[in-house]
>>> print(open('protein10.cif').read())   # mmCIF, C-alpha atoms
data_work
loop_
_atom_site.label_atom_id
_atom_site.label_comp_id
_atom_site.auth_asym_id
_atom_site.auth_seq_id
_atom_site.Cartn_x
_atom_site.Cartn_y
_atom_site.Cartn_z
CA MET A 1 131.14 121.24 116.58
CA LYS A 2 129.70 123.53 119.24
CA SER A 3 131.13 126.99 119.72
CA PHE A 4 131.20 128.70 123.08
CA LYS A 5 131.10 132.43 123.64
CA ARG A 6 133.96 133.59 125.82
CA HIS A 7 133.12 135.82 128.79
CA ARG A 8 135.74 138.24 129.99
CA THR A 9 136.38 138.81 133.66
CA ILE A 10 134.18 141.52 135.15
CA GLY A 11 136.21 144.67 135.75
CA LEU A 12 136.12 146.95 138.76
CA PHE A 13 134.45 149.81 136.88
CA ASP A 14 132.21 147.81 134.52
CA SER A 15 129.02 148.64 136.46
CA ASP A 16 129.92 152.35 136.32
CA PHE A 17 130.39 152.12 132.54
CA ARG A 18 126.99 150.44 132.20
CA ILE A 19 125.30 153.13 134.30
CA GLU A 20 126.94 155.87 132.21
CA LYS A 21 125.62 154.20 129.07
CA LEU A 22 122.10 154.04 130.53
CA ILE A 23 122.29 157.76 131.27
CA ARG A 24 123.43 158.51 127.71
CA LEU A 25 120.50 156.46 126.41
CA GLY A 26 118.10 158.69 128.34
CA ASP A 27 117.33 156.71 131.50
CA PRO A 28 114.15 158.40 132.84
CA LEU A 29 114.96 157.30 136.39
CA HIS A 30 118.24 159.21 136.28
CA ARG A 31 116.32 162.34 135.29
CA LEU A 32 113.86 161.67 138.11
CA SER A 33 116.66 161.26 140.67
CA GLU A 34 118.38 164.44 139.50
CA GLY A 35 115.23 166.54 139.17
CA ILE A 36 113.19 165.56 142.25
CA ASP A 37 114.23 165.92 145.88
CA PHE A 38 112.44 162.93 147.39
CA GLU A 39 113.49 164.02 150.87
CA LEU A 40 110.70 166.58 150.54
CA PHE A 41 108.25 163.78 151.31
CA ARG A 42 110.06 162.32 154.33
CA PRO A 43 108.54 164.52 157.10
CA LYS A 44 104.97 163.82 155.95
CA LEU A 45 105.64 160.07 155.62
CA GLN A 46 107.46 159.96 158.96
CA GLU A 47 104.74 161.86 160.78
CA ALA A 48 101.92 159.62 159.55
CA LEU A 49 103.56 156.20 159.39
CA SER A 50 105.79 156.18 162.47
CA LYS A 51 102.67 156.17 164.67
CA LEU A 52 101.66 152.81 163.18
CA GLU A 53 104.95 151.07 163.93
CA GLY A 54 104.70 148.85 166.99
CA ALA A 55 107.46 148.32 169.52
CA GLY A 56 109.88 145.48 168.80
CA GLY A 57 109.95 143.34 165.69
CA ARG A 58 111.85 143.97 162.51
CA PRO A 59 112.63 147.64 161.80
CA PRO A 60 110.61 149.02 158.88
CA TYR A 61 112.22 149.82 155.55
CA ASP A 62 113.07 153.46 154.96
CA TYR A 63 109.85 155.35 154.20
CA VAL A 64 111.31 157.32 151.29
CA LEU A 65 112.71 154.11 149.79
CA MET A 66 109.24 152.53 149.93
CA PHE A 67 107.63 155.66 148.47
CA LYS A 68 110.11 155.61 145.58
CA ILE A 69 109.17 151.97 144.95
CA LEU A 70 105.54 153.11 144.55
CA VAL A 71 106.76 155.76 142.09
CA LEU A 72 108.49 153.00 140.11
CA GLN A 73 105.36 150.89 140.27
CA ARG A 74 103.17 153.64 138.86
CA TYR A 75 105.59 154.85 136.20
CA PHE A 76 106.11 151.35 134.81
CA ASN A 77 102.61 150.11 135.80
CA LEU A 78 103.97 147.07 137.64
CA SER A 79 102.29 144.63 139.99
CA ASP A 80 103.75 144.05 143.45
CA ASP A 81 105.44 140.83 142.30
CA GLN A 82 106.78 142.50 139.16
CA VAL A 83 108.23 145.49 140.97
CA GLU A 84 110.07 143.21 143.41
CA PHE A 85 111.54 141.21 140.51
CA GLN A 86 112.51 144.28 138.49
CA ILE A 87 114.27 145.91 141.46
CA CYS A 88 116.38 142.76 141.86
CA ASP A 89 117.00 142.50 138.12
CA ARG A 90 117.53 146.03 136.78
CA ILE A 91 120.52 148.26 137.39
CA SER A 92 118.50 151.41 136.77
CA PHE A 93 115.93 150.45 139.42
CA MET A 94 118.59 149.71 142.04
CA ARG A 95 120.42 152.95 141.25
CA PHE A 96 117.20 154.97 141.53
CA LEU A 97 116.52 153.42 144.94
CA GLY A 98 120.11 153.71 146.15
CA LEU A 99 120.48 149.94 146.51
CA THR A 100 123.31 147.57 145.62
CA VAL A 101 123.17 143.86 144.80
CA SER A 102 124.11 143.11 148.42
CA ASP A 103 121.20 145.11 149.90
CA ASP A 104 117.94 143.59 151.06
CA VAL A 105 115.05 144.29 148.65
CA PRO A 106 111.51 144.69 150.03
CA ASP A 107 109.35 141.78 148.90
CA SER A 108 105.95 142.08 147.22
CA ASN A 109 104.05 141.67 150.50
CA THR A 110 105.98 144.55 152.04
CA VAL A 111 105.18 146.75 149.02
CA TRP A 112 101.50 145.80 149.29
CA SER A 113 101.42 146.50 153.03
CA PHE A 114 103.11 149.91 152.64
CA ARG A 115 100.71 150.96 149.88
CA GLU A 116 97.71 149.82 151.94
CA ARG A 117 98.83 152.01 154.82
CA LEU A 118 99.05 155.01 152.49
CA VAL A 119 95.57 154.19 151.20
CA ASP A 120 94.06 153.87 154.69
CA LEU A 121 95.60 157.15 155.85
CA GLY A 122 94.71 159.08 152.68
CA LEU A 123 98.40 159.94 152.40
CA VAL A 124 98.62 159.99 148.61
CA GLN A 125 96.39 163.07 148.41
CA LEU A 126 98.48 164.77 151.12
CA LEU A 127 101.71 163.97 149.26
CA PHE A 128 100.20 165.26 146.00
CA ASP A 129 99.19 168.52 147.73
CA LEU A 130 102.64 168.81 149.31
CA PHE A 131 104.28 168.60 145.89
CA ILE A 132 101.84 171.19 144.51
CA ARG A 133 102.94 173.63 147.21
CA GLU A 134 106.56 172.98 146.23
CA LEU A 135 105.73 173.68 142.57
CA GLU A 136 104.04 176.92 143.60
CA LYS A 137 107.14 177.98 145.57
CA LEU A 138 109.24 177.34 142.48
CA GLY A 139 106.92 179.55 140.43
CA LEU A 140 106.03 176.75 138.01
CA ILE A 141 102.25 177.07 138.45
CA LEU A 142 101.46 180.33 136.68
CA ASN A 143 97.69 180.64 137.38
CA GLU A 144 96.97 182.29 134.03
CA GLY A 145 94.04 180.03 133.17
CA LYS A 146 92.90 176.52 134.02
CA ILE A 147 91.75 173.59 131.91
CA VAL A 148 89.35 170.97 133.21
CA ASP A 149 88.85 167.60 131.58
CA ALA A 150 88.29 163.95 132.33
CA ARG A 151 88.88 162.10 129.08
CA PRO A 152 90.07 163.96 126.00
CA ASP A 153 89.91 162.37 122.54
CA GLY A 154 92.04 159.27 122.40
CA TYR A 155 91.96 158.77 126.16
CA ARG A 156 90.11 155.91 127.80
CA ASP A 157 88.59 155.89 131.24
CA ILE A 158 90.49 154.12 133.98
CA GLU A 159 89.65 150.46 133.50
CA VAL A 160 89.75 147.87 136.29
CA PRO A 161 89.12 144.11 136.35
CA LYS A 162 85.59 143.39 135.13
CA GLN A 163 83.18 141.72 137.51
CA ARG A 164 81.09 138.62 136.84
CA ASN A 165 77.91 139.16 138.82
CA THR A 166 74.32 138.01 138.50
CA ARG A 167 71.68 140.49 137.34
CA GLU A 168 70.29 140.70 140.85
CA GLU A 169 73.74 141.39 142.29
CA ASN A 170 74.37 144.13 139.73
CA LYS A 171 70.99 145.65 140.55
CA GLN A 172 71.88 145.77 144.24
CA ILE A 173 75.33 147.25 143.53
CA LYS A 174 73.84 150.02 141.37
CA ALA A 175 71.48 150.81 144.25
CA GLY A 176 74.50 151.29 146.51
CA GLU A 177 74.04 148.00 148.34
CA VAL A 178 76.47 145.15 148.92
CA PRO A 179 74.87 141.82 147.89
CA VAL A 180 74.37 139.38 150.76
CA ALA A 181 76.22 136.70 148.79
CA PHE A 182 79.34 138.90 148.98
CA THR A 183 79.21 139.62 152.70
CA ASP A 184 78.65 135.94 153.53
CA ASN A 185 81.95 135.05 151.87
CA PRO A 186 84.94 137.21 152.96
CA ALA A 187 87.14 135.75 150.21
CA LYS A 188 84.54 136.67 147.59
CA VAL A 189 83.88 140.21 148.81
CA ALA A 190 87.63 140.92 148.73
CA GLN A 191 87.57 140.27 144.98
CA LYS A 192 84.41 142.21 144.20
CA ASP A 193 84.45 145.88 143.20
CA VAL A 194 81.15 147.42 144.27
CA ASP A 195 82.30 150.98 143.48
CA ALA A 196 83.21 150.78 139.79
CA ARG A 197 80.59 151.40 137.09
CA TRP A 198 80.12 151.02 133.34
CA THR A 199 80.13 153.91 130.91
CA LYS A 200 80.02 154.23 127.14
CA LYS A 201 81.93 156.51 124.82
CA ASN A 202 81.74 156.42 121.03
CA ASN A 203 79.67 153.21 121.36
CA VAL A 204 82.49 151.49 123.29
CA SER A 205 81.77 150.39 126.87
CA TYR A 206 84.28 150.73 129.70
CA TYR A 207 84.17 149.53 133.29
CA GLY A 208 85.98 151.37 136.02
CA TYR A 209 86.66 154.91 137.16
CA LYS A 210 87.30 158.41 135.86
CA ASN A 211 90.20 160.76 136.55
CA HIS A 212 88.87 164.36 136.58
CA VAL A 213 91.76 166.82 136.46
CA LYS A 214 92.32 170.56 136.63
CA VAL A 215 95.44 171.62 134.76
CA ASP A 216 97.37 174.87 134.83
CA GLY A 217 96.90 176.34 131.35
CA LYS A 218 100.50 177.49 130.92
CA SER A 219 102.59 174.84 132.65
CA LYS A 220 100.29 171.83 132.01
CA LEU A 221 100.78 170.74 135.62
CA ILE A 222 97.86 168.97 137.32
CA THR A 223 96.85 171.24 140.20
CA SER A 224 93.97 169.14 141.54
CA PHE A 225 91.97 166.03 140.71
CA ASN A 226 88.93 164.02 141.71
CA VAL A 227 88.27 160.33 141.12
CA THR A 228 84.75 159.00 140.52
CA ASP A 229 83.23 155.89 139.07
CA ALA A 230 83.11 155.93 135.27
CA SER A 231 79.37 156.65 135.08
CA VAL A 232 79.72 160.14 136.59
CA HIS A 233 79.43 162.73 133.84
CA ASP A 234 82.36 165.09 133.38
CA SER A 235 80.20 168.14 134.15
CA GLN A 236 79.22 166.82 137.59
CA GLU A 237 82.75 167.21 138.99
CA ILE A 238 83.93 170.48 137.48
CA VAL A 239 82.45 172.65 140.24
CA ASN A 240 84.26 170.59 142.89
CA LEU A 241 87.59 171.18 141.13
CA ILE A 242 87.35 174.98 141.17
CA ASP A 243 88.72 176.75 144.27
CA GLU A 244 89.68 180.22 145.51
CA LYS A 245 92.99 180.19 143.65
CA ASP A 246 91.09 180.05 140.34
CA LYS A 247 89.24 183.30 140.97
CA ASP A 248 89.36 185.67 137.97
CA GLN A 249 91.14 183.08 135.83
CA THR A 250 89.82 181.80 132.50
CA LEU A 251 88.42 178.28 132.65
CA TYR A 252 88.75 176.17 129.49
CA ALA A 253 86.68 173.04 128.92
CA ASP A 254 85.13 171.10 126.06
CA SER A 255 81.45 170.89 125.13
CA ALA A 256 80.78 168.18 127.73
CA TYR A 257 80.69 171.01 130.27
CA THR A 258 77.78 172.94 128.76
CA GLY A 259 74.47 173.71 130.44
CA GLU A 260 72.93 176.89 131.84
CA ASP A 261 72.71 175.62 135.43
CA LEU A 262 76.34 174.48 135.37
CA HIS A 263 77.53 177.80 133.98
CA ILE A 264 75.68 179.70 136.70
CA LYS A 265 77.44 177.62 139.37
CA LEU A 266 80.81 178.23 137.71
CA GLU A 267 80.20 181.96 137.43
CA GLU A 268 79.47 182.01 141.15
CA LYS A 269 83.06 180.77 141.57
CA GLU A 270 84.10 184.00 139.79
CA VAL A 271 85.93 182.34 136.91
CA LYS A 272 85.80 183.49 133.29
CA LEU A 273 84.24 180.80 131.13
CA SER A 274 85.80 179.71 127.85
CA ILE A 275 83.81 176.55 127.24
CA HIS A 276 83.18 175.02 123.83
CA GLU A 277 79.68 175.49 122.48
CA LYS A 278 77.74 172.46 121.37
CA GLY A 279 75.49 172.16 118.37
CA CYS A 280 72.36 170.03 118.28
CA LYS A 281 70.25 168.32 115.64
CA ASN A 282 68.04 171.26 114.73
CA LYS A 283 70.44 173.99 115.77
CA PRO A 284 73.93 173.45 114.33
CA LEU A 285 76.79 175.71 115.27
CA THR A 286 77.17 178.92 113.32
CA GLU A 287 80.43 179.73 111.57
CA ALA A 288 81.16 182.28 114.29
CA GLN A 289 80.66 179.63 116.98
CA LYS A 290 82.90 177.18 115.12
CA SER A 291 85.59 179.86 114.85
CA SER A 292 85.25 180.64 118.56
CA ASN A 293 85.58 176.94 119.45
CA LYS A 294 88.69 176.71 117.31
CA GLU A 295 90.32 179.55 119.23
CA LYS A 296 89.42 177.98 122.58
CA SER A 297 90.89 174.68 121.41
CA LYS A 298 94.34 176.23 121.07
CA VAL A 299 94.49 176.37 124.86
CA ARG A 300 92.20 173.49 125.81
CA VAL A 301 94.15 171.00 123.68
CA ARG A 302 97.10 171.35 126.06
CA VAL A 303 95.33 169.06 128.53
CA GLU A 304 95.84 166.18 126.12
CA HIS A 305 99.53 166.26 127.01
CA VAL A 306 98.54 165.01 130.46
CA PHE A 307 96.43 162.12 129.29
CA GLY A 308 98.86 161.32 126.50
CA PHE A 309 101.57 160.82 129.12
CA VAL A 310 99.25 158.63 131.19
CA GLU A 311 98.18 156.55 128.22
CA ASN A 312 101.44 156.24 126.33
CA SER A 313 104.29 156.70 128.81
CA ILE A 314 102.96 154.82 131.83
CA ASN A 315 100.05 152.79 130.42
CA GLY A 316 98.00 154.17 133.27
CA SER A 317 94.51 153.72 131.85
CA THR A 318 94.38 150.13 133.16
CA LEU A 319 94.72 149.49 136.88
CA GLU A 320 94.52 146.21 138.77
CA TYR A 321 92.94 147.55 141.96
CA ILE A 322 89.56 146.86 143.52
CA GLY A 323 87.45 149.58 145.11
CA LEU A 324 87.28 153.35 144.91
CA LYS A 325 89.66 154.00 147.82
CA ARG A 326 92.55 151.98 146.35
CA THR A 327 91.89 153.33 142.85
CA GLN A 328 91.90 156.92 144.14
CA ALA A 329 95.34 156.32 145.64
CA ALA A 330 96.65 154.69 142.45
CA ILE A 331 95.35 157.55 140.29
CA GLY A 332 96.71 160.07 142.78
CA MET A 333 100.17 158.47 142.47
CA MET A 334 99.77 158.48 138.69
CA ASN A 335 98.99 162.22 138.69
CA LEU A 336 101.87 162.87 141.09
CA VAL A 337 104.33 160.97 138.88
CA TYR A 338 103.14 162.97 135.87
CA ASN A 339 103.77 166.23 137.78
CA MET A 340 107.26 165.05 138.72
CA PHE A 341 108.24 164.45 135.11
CA ARG A 342 106.54 167.65 133.98
CA LYS A 343 108.50 169.64 136.60
CA ILE A 344 111.75 168.22 135.24
CA GLN A 345 110.74 169.09 131.69
CA LEU A 346 109.77 172.65 132.63
CA GLN A 347 113.07 173.26 134.43
CA THR A 348 115.18 171.96 131.53
CA VAL A 349 113.51 174.08 128.83
#
>>> encode(input="protein10.cif", output="structure tokens")
Amino acid sequence: MKSFKRHRTIGLFDSDFRIEKLIRLGDPLHRLSEGIDFELFRPKLQEALSKLEGAGGRPPYDYVLMFKILVLQRYFNLSDDQVEFQICDRISFMRFLGLTVSDDVPDSNTVWSFRERLVDLGLVQLLFDLFIRELEKLGLILNEGKIVDARPDGYRDIEVPKQRNTREENKQIKAGEVPVAFTDNPAKVAQKDVDARWTKKNNVSYYGYKNHVKVDGKSKLITSFNVTDASVHDSQEIVNLIDEKDKDQTLYADSAYTGEDLHIKLEEKEVKLSIHEKGCKNKPLTEAQKSSNKEKSKVRVRVEHVFGFVENSINGSTLEYIGLKRTQAAIGMMNLVYNMFRKIQLQTV
């Protein structure tokens, strides 16, 4: 004999009780809503995007709403189709966006189109910089030393979909050319990433890009970043990350950033170097050098918090985007989302 589970009638306050339970369970989106004023981004979004809206037609979705959807997408590493489904399905997503079950939800094509506009306008970098200025106003960036890194131990480079090209096509791509076979077929070129490159670490090969970051030594906030293909060595980007605000500060970095020429360039930026020394086959590190490296590590290791969040909390080391421009925007959003959660953590300590 079959048994049937009885369902009670939904009460007027049942949804409120469920939301309260989600909050008690540590809903990260509740913390994000409470700790970040997303209206901060409205003027910049309005200024850039309103110029693109044509006369007539369907009114666009609220810019801050769409931006918050991109935040959701990066934090949970969701595709456009997945983020549309999850917004419709999850109470926490709707609450974060200020939507109810009766509200219209932007579809996946609308999400894609909004993100593409941000990519084309370079808006993600501008929004990241805007948030940095807000963090500086709040006194959260202490400027008592900076850490530069691209892939600490345990962190993988940013991987993207691998390409299946002929040897001749790969040769042309490495030379900075776009193979004729790609340009002759618009559908094919749209699926080909001619910017990503292979790299190898610990005898494991990766294909994609690299997130070079500069982190405030005290707060562990990302203050700037650059995105390159994965073949670019860490040391090639460090000079580009250092600016006037870093003058007279101590710069921490691992042994990947060694080299006399590099150190001369860094010293010209008027920063104090605290870079790990590297031993070699016929000249191992002395005990004094090992001890010095150990002391430097006490500060430098703090950068692993950043990449640990990216790897473990948002699974951000794998992205499904093609091309440097789109990947730069995705990584920029990833770094911005990290800073948002780090701000909340700093203000609740």
>>> residues_around(input="protein10.cif", residues="Phe76 in chain A", least_positions_apart="3", cutoff="12 Å", atoms="all atoms listed in the file", output="MDAnalysis selection string")
chainID A and resid 28:29 69:73 79:80 82:83 86:87 93 309:316 318:319 334 337
>>> closest_residue(input="protein10.cif", among="A:Lys214, A:Lys245, A:Lys201, A:Lys265", to="Glu136 in chain A", atoms="all atoms listed in the file")
A:Lys245
>>> residues_around(input="protein10.cif", residues="Ser292 in chain A", least_positions_apart="5", cutoff="12 Å", atoms="all atoms listed in the file", output="VMD selection string")
chain A and resid 274 to 278 285 to 287 297 to 299
>>> residues_near_point(input="protein10.cif", point="(87.5, 163.7, 143.2)", cutoff="9 Å", atoms="only C-alpha atoms", output="VMD selection string")
chain A and resid 211 to 213 224 to 228 237 240 to 241 328
>>> resolve_selection(input="protein10.cif", expression="the PyMOL selection byres ((chain A and resi 96) around 9)", output="tab-separated table (two decimals) with C-alpha atoms, in the coordinates of the input")
chain	number	residue	atom	x	y	z
A	29	LEU	CA	114.96	157.30	136.39
A	30	HIS	CA	118.24	159.21	136.28
A	32	LEU	CA	113.86	161.67	138.11
A	33	SER	CA	116.66	161.26	140.67
A	68	LYS	CA	110.11	155.61	145.58
A	91	ILE	CA	120.52	148.26	137.39
A	92	SER	CA	118.50	151.41	136.77
A	93	PHE	CA	115.93	150.45	139.42
A	94	MET	CA	118.59	149.71	142.04
A	95	ARG	CA	120.42	152.95	141.25
A	97	LEU	CA	116.52	153.42	144.94
A	98	GLY	CA	120.11	153.71	146.15
A	99	LEU	CA	120.48	149.94	146.51
>>> residues_around(input="protein10.cif", residues="Asn339 in chain A", least_positions_apart="3", cutoff="10 Å", atoms="only C-alpha atoms", output="MDAnalysis selection string")
chainID A and resid 128 131:132 135 220:223 306 333:336 342:345
>>> write_last_selection(input="protein10.cif", atoms="C-alpha atoms", output="short mmCIF file (atom, residue, chain, number, x, y, z; two decimals), in the coordinates of the input")
data_model
loop_
_atom_site.label_atom_id
_atom_site.label_comp_id
_atom_site.auth_asym_id
_atom_site.auth_seq_id
_atom_site.Cartn_x
_atom_site.Cartn_y
_atom_site.Cartn_z
CA PHE A 128 100.20 165.26 146.00
CA PHE A 131 104.28 168.60 145.89
CA ILE A 132 101.84 171.19 144.51
CA LEU A 135 105.73 173.68 142.57
CA LYS A 220 100.29 171.83 132.01
CA LEU A 221 100.78 170.74 135.62
CA ILE A 222 97.86 168.97 137.32
CA THR A 223 96.85 171.24 140.20
CA VAL A 306 98.54 165.01 130.46
CA MET A 333 100.17 158.47 142.47
CA MET A 334 99.77 158.48 138.69
CA ASN A 335 98.99 162.22 138.69
CA LEU A 336 101.87 162.87 141.09
CA ARG A 342 106.54 167.65 133.98
CA LYS A 343 108.50 169.64 136.60
CA ILE A 344 111.75 168.22 135.24
CA GLN A 345 110.74 169.09 131.69
#
>>> resolve_selection(input="protein10.cif", expression="the PyMOL selection byres ((chain A and resi 107) around 9)", output="PDB file with C-alpha atoms, keeping the file's coordinate frame")
ATOM      1  CA  ASP A  80     103.750 144.050 143.450  1.00  0.00           C
ATOM      2  CA  ASP A  81     105.440 140.830 142.300  1.00  0.00           C
ATOM      3  CA  VAL A  83     108.230 145.490 140.970  1.00  0.00           C
ATOM      4  CA  GLU A  84     110.070 143.210 143.410  1.00  0.00           C
ATOM      5  CA  PHE A  85     111.540 141.210 140.510  1.00  0.00           C
ATOM      6  CA  VAL A 105     115.050 144.290 148.650  1.00  0.00           C
ATOM      7  CA  PRO A 106     111.510 144.690 150.030  1.00  0.00           C
ATOM      8  CA  SER A 108     105.950 142.080 147.220  1.00  0.00           C
ATOM      9  CA  ASN A 109     104.050 141.670 150.500  1.00  0.00           C
ATOM     10  CA  THR A 110     105.980 144.550 152.040  1.00  0.00           C
ATOM     11  CA  VAL A 111     105.180 146.750 149.020  1.00  0.00           C
ATOM     12  CA  TRP A 112     101.500 145.800 149.290  1.00  0.00           C
TER      13      TRP A 112
END
>>> closest_residue(input="protein10.cif", among="A:Arg300, A:Arg90, A:Lys137, A:Lys44", to="Gly122 in chain A", atoms="only C-alpha atoms")
A:Lys44
>>> resolve_selection(input="protein10.cif", expression="the PyMOL selection byres ((chain A and resi 48) around 12)", output="JSON, numbers by chain")
{"A": [41, 42, 43, 44, 45, 46, 47, 49, 50, 51, 52, 53, 63, 114, 117, 118, 119, 120, 121, 122, 123, 124, 126, 127]}
>>> residues_around(input="protein10.cif", residues="Asp246 in chain A", least_positions_apart="3", cutoff="8 Å", atoms="only C-alpha atoms", output="ChimeraX atom specification")
/A:143,145-146,242-243,249,271
>>> atom_distance(input="protein10.cif", atom1="CA of Asn293 in chain A", atom2="CA of Leu140 in chain A")
27.6 Å
